[in-house]
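The structure appears right after this line, and notes come after that.
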Amino acid sequence: MLLLFLPLFLILILIGLPIVFALMFSPIAMIMIEGDTRNVVAGLYRNLYNGMDSFPLMALPFFMLAGEIMNRGGITMRLVEFSQAFIGHLRGGLAHVNILSSFLFAGMSGSAVADVSALGSTLIPAMEQNGYTRRFAAAITAASSVIGPIIPPSGIMIIYAYVMGESVAALFLAGIVPGILIGLGLMITVWFMADRYDLPKAERIVHPGQTISTTEYWVSFALLRLNFAYIMYALAGLIPGAGAVPGLLLFVIMLIPAHLILMGYRKRVSHDFRLICKKAVAPLQTPIIILGGILIGVFTPTEASAVAVAYALVVSFVVLRTMTLADLWAVLGKSALGTAAVLLLVGAAVAFKTVVSLSYAPEILADFMLSLSSNPLILLFLINILLFIVGMFLDAGPAIIILGPILGPIFVSLGVDPIHFAMIMSVNLTVGLATPPMGLVLFVSSTVSGERVETIAKAILPFLAVEIAVIFLITYIPAISMTIPRLTGFAN
């Protein structure tokens, strides 16, 4: 009878009870009906606290805070202008800019909702003024926002890693190629639609006469050369005999050609284009610092989140000077509220897992699925359908928390790599955020644009078809998500 807590949980969600309370109430109700004498209810509340008391989970509030600081510091407009300077001249330019901006913004926020809110308020009106319909602008904004939780850093991957005991770094690295594939797929779709619907081009430089502060100029000057020198240093390591030169000396030597290349490029572009690129350099270091630090072993993912906050503060207060102390209090308050909601949800989910294990739900579901087929390929197809349906109604975070402990062990036992399954589940549920009828980002996009959800849902269908195709590519070609973690030693 304890297994009946699952239908009760679904009923509570459908009648509008917040998920965190549904997670706690449904198992407690079944336990009390059964007259359990093992004091399981008290154990649930202990697990609620223990679920939140975790060092790896500290990465969540720090990454959320870093994203809020960057957003309040005026980073969004810099990324949009940077994207437009590169691809705004293409047919359907602002639609491409929307996608590329989402890709860049993902490296700082890791949230689809933050993406729609920040970029949508800027790009949807701009696209409408440029000749796009409002529903198309809202649809492409919602569709591209799902890149946010896939490209690292990603909040839902931190949650998955904690709930399932996987490596956060491995999941971050596994999300890079799937995120790029979704972005490219959306851009190809826009490219095909551009001629059919005569989508307009856009100006590459929207605000001519750009200026930049002395501090930001020299910070960008130094960072660009350090980045180029490091790339050349890494490539030089592939040359036979390069290992004979001490590492630091080789890096210093590479600064010279890096400087010469950048100076040569400087002469080929306009003054405004060059300054727009310089203004994007400091913000775009955030994902480089996070992933670079993790890969070379300087800090753990949790420590990387704290470093990201420190860097965001330095950029916003010292380099860009776009924030004041008064702004900081508002940012801290918003981040605290968001963090409290997420951690309560995670804590409730850990308590929920206790009842899941007592009810033997994973074993029952495993037996049921294996009775349908023993072929992993067919089961992966079926689980994609299930996850896609769940994603229509349930947010990605809660869905991972609830279904991960049930579905993960089944597919690992069938020979699916746990990191690979994590990507299948994370990407599928993330795409669900933009899927009708209840996709969260559809409602956020509707609020930002003023367009009805029904019309956005119709316009988004071609983009959803591309994202679903990418999901099946990730499912049946494990190398897409597993190559980078394996090359870097974070997966077998």
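Lettering and numbering for the structure tokens are positional, with chains as A, B, ... in the shown order, residues counted from 1 in each chain, and ligands counted from 1 in the shown order.
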
**Message:** Going by DSSP on the backbone, which residues of segment 120-356 of chain A come out as alpha helix (DSSP H)? List them as a PyMOL selection string.
**Reply:** chain A and resi 120-129+134-145+155-164+168-174+176-196+214-236+247-266+271-295+301-314+325-356

Can you build me a table of segment 292-320 of chain A residues sitting at most 10 Å from segment 201-223 of chain A, with the closest atom pair per residue and its distance in Å to one decimal, using only C-alpha atoms, sorted by chain and residue number, as a tab-separated table?
residue	atom	partner	partner_atom	distance
A:Val315	CA	A:Glu216	CA	8.9
A:Val318	CA	A:Thr215	CA	8.2
A:Val319	CA	A:Glu216	CA	5.3
A:Leu320	CA	A:Glu216	CA	6.4

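With distances restricted to only C-alpha atoms, A:Asp395 is the closest residue to Leu440 of chain A from A:Thr76, A:Asp395, A:Lys334, A:Arg486.
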
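What separates atom CA of Gly397 of chain A from atom CA of Ile15 of chain A is a distance of 19.6 Å.
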
**Prompt:** A:Gly175, A:Gly292, A:Pro125, A:Gly264: which is nearest Tyr230 of chain A, counting only C-alpha atoms?
**Reply:**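 The closest residue to Tyr230 of chain A is A:Gly292.
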
**Asked** If you count only C-alpha atoms, which residues fall within 9 Å of segment 343-347 of chain A, apart from same-chain ones fewer than 3 positions away, as an MDAnalysis selection string?
**Response** chainID A and resid 19:21 23 47:53 57 60:61 159 163 338:340 350:352 397:398 401

Quick one: write out the picked residues with C-alpha atoms as an mmCIF file, in the first residue's frame?
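result-v8.cif was written with the following content:
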data_model
loop_
_atom_site.group_PDB
_atom_site.id
_atom_site.type_symbol
_atom_site.label_atom_id
_atom_site.label_comp_id
_atom_site.auth_asym_id
_atom_site.auth_seq_id
_atom_site.Cartn_x
_atom_site.Cartn_y
_atom_site.Cartn_z
ATOM 1 C CA ILE A 19 6.088 20.500 -5.024
ATOM 2 C CA VAL A 20 8.130 20.714 -1.821
ATOM 3 C CA PHE A 21 4.994 20.127 0.293
ATOM 4 C CA LEU A 23 7.089 15.630 -1.665
ATOM 5 C CA ASN A 47 16.533 13.556 6.087
ATOM 6 C CA LEU A 48 15.034 16.907 5.093
ATOM 7 C CA TYR A 49 17.751 18.691 7.053
ATOM 8 C CA ASN A 50 20.523 16.267 6.111
ATOM 9 C CA GLY A 51 19.591 16.663 2.461
ATOM 10 C CA MET A 52 20.350 20.382 2.621
ATOM 11 C CA ASP A 53 23.466 20.027 4.790
ATOM 12 C CA LEU A 57 25.256 21.717 -2.794
ATOM 13 C CA LEU A 60 24.105 26.096 -6.173
ATOM 14 C CA PRO A 61 23.732 29.321 -4.165
ATOM 15 C CA ILE A 159 21.281 18.609 -8.304
ATOM 16 C CA VAL A 163 21.099 13.068 -5.764
ATOM 17 C CA GLY A 338 16.031 31.486 -4.983
ATOM 18 C CA THR A 339 18.544 29.395 -3.049
ATOM 19 C CA ALA A 340 16.115 28.757 -0.184
ATOM 20 C CA VAL A 350 16.144 13.323 -0.123
ATOM 21 C CA ALA A 351 13.409 12.567 2.405
ATOM 22 C CA PHE A 352 11.198 11.435 -0.473
ATOM 23 C CA GLY A 397 14.894 20.037 -11.039
ATOM 24 C CA PRO A 398 12.016 18.276 -9.231
ATOM 25 C CA ILE A 401 15.106 14.581 -7.932
#

**Message:** With only C-alpha atoms as the counted atoms, please give the residues lying no more than 6 Å from Ala139 of chain A, apart from itself and same-chain residues fewer than 2 positions off, as a list in words.
**Reply:**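 Listed by chain and then number, they are Arg135, Phe136, Ala137, Thr141, Ala142, Ile456, Ala459 and Ile460 of chain A.
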
Only N, CA, C and O atoms, please: the residues just picked out, written as a PDB file, in the first residue's frame.
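Output below, filename result-v9.pdb:
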ATOM      1  N   ARG A 135       5.310  36.702 -31.798  1.00  0.00           N
ATOM      2  CA  ARG A 135       5.240  35.298 -31.388  1.00  0.00           C
ATOM      3  C   ARG A 135       6.497  34.544 -31.811  1.00  0.00           C
ATOM      4  O   ARG A 135       6.971  33.660 -31.091  1.00  0.00           O
ATOM      5  N   PHE A 136       7.064  34.881 -32.997  1.00  0.00           N
ATOM      6  CA  PHE A 136       8.305  34.234 -33.423  1.00  0.00           C
ATOM      7  C   PHE A 136       9.444  34.624 -32.484  1.00  0.00           C
ATOM      8  O   PHE A 136      10.248  33.768 -32.079  1.00  0.00           O
ATOM      9  N   ALA A 137       9.527  35.914 -32.130  1.00  0.00           N
ATOM     10  CA  ALA A 137      10.588  36.378 -31.233  1.00  0.00           C
ATOM     11  C   ALA A 137      10.479  35.700 -29.874  1.00  0.00           C
ATOM     12  O   ALA A 137      11.486  35.263 -29.293  1.00  0.00           O
ATOM     13  N   THR A 141      13.189  32.827 -28.346  1.00  0.00           N
ATOM     14  CA  THR A 141      13.770  33.122 -27.032  1.00  0.00           C
ATOM     15  C   THR A 141      13.541  31.959 -26.077  1.00  0.00           C
ATOM     16  O   THR A 141      14.454  31.544 -25.354  1.00  0.00           O
ATOM     17  N   ALA A 142      12.318  31.416 -26.068  1.00  0.00           N
ATOM     18  CA  ALA A 142      12.018  30.279 -25.198  1.00  0.00           C
ATOM     19  C   ALA A 142      12.799  29.037 -25.620  1.00  0.00           C
ATOM     20  O   ALA A 142      13.341  28.310 -24.778  1.00  0.00           O
ATOM     21  N   ILE A 456       2.653  31.228 -28.790  1.00  0.00           N
ATOM     22  CA  ILE A 456       4.081  30.900 -28.658  1.00  0.00           C
ATOM     23  C   ILE A 456       4.280  29.395 -28.844  1.00  0.00           C
ATOM     24  O   ILE A 456       5.236  28.951 -29.492  1.00  0.00           O
ATOM     25  N   ALA A 459       4.335  28.507 -32.491  1.00  0.00           N
ATOM     26  CA  ALA A 459       5.525  29.000 -33.196  1.00  0.00           C
ATOM     27  C   ALA A 459       6.790  28.248 -32.800  1.00  0.00           C
ATOM     28  O   ALA A 459       7.761  28.210 -33.565  1.00  0.00           O
ATOM     29  N   ILE A 460       6.786  27.638 -31.622  1.00  0.00           N
ATOM     30  CA  ILE A 460       8.011  26.997 -31.125  1.00  0.00           C
ATOM     31  C   ILE A 460       8.166  25.572 -31.643  1.00  0.00           C
ATOM     32  O   ILE A 460       9.250  24.970 -31.510  1.00  0.00           O
TER      33      ILE A 460
END

**Message:** Residues within 12 Å of Gly489 of chain A, please, as a ChimeraX atom specification. Count only C-alpha atoms; anything in the same chain fewer than 5 positions from it doesn't count.
**Reply:** /A:167,169-170,173-174,294-297,482-484

**Residue nearest Ile288 of chain A among A:Ala236, A:Met64, A:Ala304, A:Val416 (counting only C-alpha atoms)** =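 Result for the nearest residue to Ile288 of chain A: A:Ala304.
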
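Atom CA of Asn130 of chain A is positioned 13.4 Å from atom CA of Leu90 of chain A.
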
Shell around Leu382 of chain A at 12 Å using only C-alpha atoms, local window under 2 positions removed, as an mmCIF file with N, CA and C atoms, in the first residue's frame:
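Output (result13.cif):
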data_model
loop_
_atom_site.group_PDB
_atom_site.id
_atom_site.type_symbol
_atom_site.label_atom_id
_atom_site.label_comp_id
_atom_site.auth_asym_id
_atom_site.auth_seq_id
_atom_site.Cartn_x
_atom_site.Cartn_y
_atom_site.Cartn_z
ATOM 1 N N MET A 369 9.544 -2.498 -16.612
ATOM 2 C CA MET A 369 10.216 -2.078 -17.838
ATOM 3 C C MET A 369 10.890 -3.253 -18.523
ATOM 4 N N LEU A 370 11.528 -4.112 -17.742
ATOM 5 C CA LEU A 370 12.197 -5.272 -18.332
ATOM 6 C C LEU A 370 11.201 -6.270 -18.909
ATOM 7 N N LEU A 372 8.683 -5.315 -20.617
ATOM 8 C CA LEU A 372 8.346 -4.760 -21.933
ATOM 9 C C LEU A 372 9.386 -5.153 -22.970
ATOM 10 N N SER A 373 10.671 -5.079 -22.563
ATOM 11 C CA SER A 373 11.752 -5.440 -23.479
ATOM 12 C C SER A 373 13.050 -5.526 -22.686
ATOM 13 N N SER A 374 13.943 -6.366 -23.134
ATOM 14 C CA SER A 374 15.269 -6.454 -22.514
ATOM 15 C C SER A 374 16.317 -5.751 -23.366
ATOM 16 N N ASN A 375 15.870 -5.162 -24.487
ATOM 17 C CA ASN A 375 16.778 -4.456 -25.383
ATOM 18 C C ASN A 375 16.990 -3.033 -24.866
ATOM 19 N N PRO A 376 18.227 -2.667 -24.494
ATOM 20 C CA PRO A 376 18.462 -1.318 -23.959
ATOM 21 C C PRO A 376 18.072 -0.208 -24.924
ATOM 22 N N LEU A 377 18.213 -0.447 -26.244
ATOM 23 C CA LEU A 377 17.886 0.590 -27.229
ATOM 24 C C LEU A 377 16.395 0.911 -27.218
ATOM 25 N N ILE A 378 15.583 -0.137 -27.119
ATOM 26 C CA ILE A 378 14.131 0.084 -27.060
ATOM 27 C C ILE A 378 13.743 0.754 -25.760
ATOM 28 N N LEU A 379 14.362 0.307 -24.655
ATOM 29 C CA LEU A 379 14.046 0.908 -23.357
ATOM 30 C C LEU A 379 14.468 2.379 -23.310
ATOM 31 N N LEU A 380 15.580 2.724 -23.954
ATOM 32 C CA LEU A 380 15.999 4.123 -24.008
ATOM 33 C C LEU A 380 14.993 4.960 -24.796
ATOM 34 N N ASN A 384 12.794 7.975 -23.077
ATOM 35 C CA ASN A 384 12.767 9.318 -23.647
ATOM 36 C C ASN A 384 11.335 9.823 -23.792
ATOM 37 N N ILE A 385 10.443 8.945 -24.228
ATOM 38 C CA ILE A 385 9.030 9.337 -24.336
ATOM 39 C C ILE A 385 8.481 9.698 -22.955
ATOM 40 N N LEU A 386 8.795 8.867 -21.955
ATOM 41 C CA LEU A 386 8.322 9.130 -20.589
ATOM 42 C C LEU A 386 8.854 10.457 -20.067
ATOM 43 N N LEU A 387 10.157 10.682 -20.228
ATOM 44 C CA LEU A 387 10.762 11.917 -19.729
ATOM 45 C C LEU A 387 10.202 13.134 -20.456
ATOM 46 N N PHE A 388 9.951 12.986 -21.748
ATOM 47 C CA PHE A 388 9.410 14.105 -22.519
ATOM 48 C C PHE A 388 8.016 14.484 -22.007
ATOM 49 N N ILE A 389 7.210 13.482 -21.701
ATOM 50 C CA ILE A 389 5.865 13.743 -21.164
ATOM 51 C C ILE A 389 5.951 14.362 -19.778
ATOM 52 N N LEU A 407 14.994 5.690 -11.978
ATOM 53 C CA LEU A 407 15.348 5.270 -13.342
ATOM 54 C C LEU A 407 16.844 5.013 -13.526
ATOM 55 N N PHE A 411 18.968 1.666 -15.759
ATOM 56 C CA PHE A 411 19.734 1.740 -17.004
ATOM 57 C C PHE A 411 21.218 1.502 -16.776
ATOM 58 N N PHE A 472 17.650 12.461 -29.235
ATOM 59 C CA PHE A 472 17.845 11.086 -29.712
ATOM 60 C C PHE A 472 19.271 10.854 -30.204
ATOM 61 N N THR A 475 21.115 10.212 -27.099
ATOM 62 C CA THR A 475 20.730 8.912 -26.542
ATOM 63 C C THR A 475 21.469 7.765 -27.214
#

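When only C-alpha atoms are used to compute distances to Thr447 of chain A, the closest of the residues A:Ser109, A:Ser121, A:Ser54, A:Ser101 turns out to be A:Ser121.
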
**Asked** Excluding same-chain residues fewer than 5 positions from Phe63 of chain A, what lies within 8 Å of it counting only C-alpha atoms, as a count of residues only?
**Response** 9

**Message:** Measuring between only C-alpha atoms, which one of A:Leu79, A:Val116, A:Leu414, A:Val252 shows the shortest distance to Leu104 of chain A?
**Reply:**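 Smallest separation from Leu104 of chain A among the options: A:Leu79.
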
**Request:** Calculate how many Å separate atom CA of Gly183 of chain A from atom CA of Gly165 of chain A, rounding to one decimal.
**Result:**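 Interatomic distance here is 28.8 Å.
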
**Message:** Just checking: using only C-alpha atoms, which residue out of A:Ile158, A:Ala491, A:Ala457, A:Ala282 ends up closest to Tyr311 of chain A?
**Reply:** A:Ala282
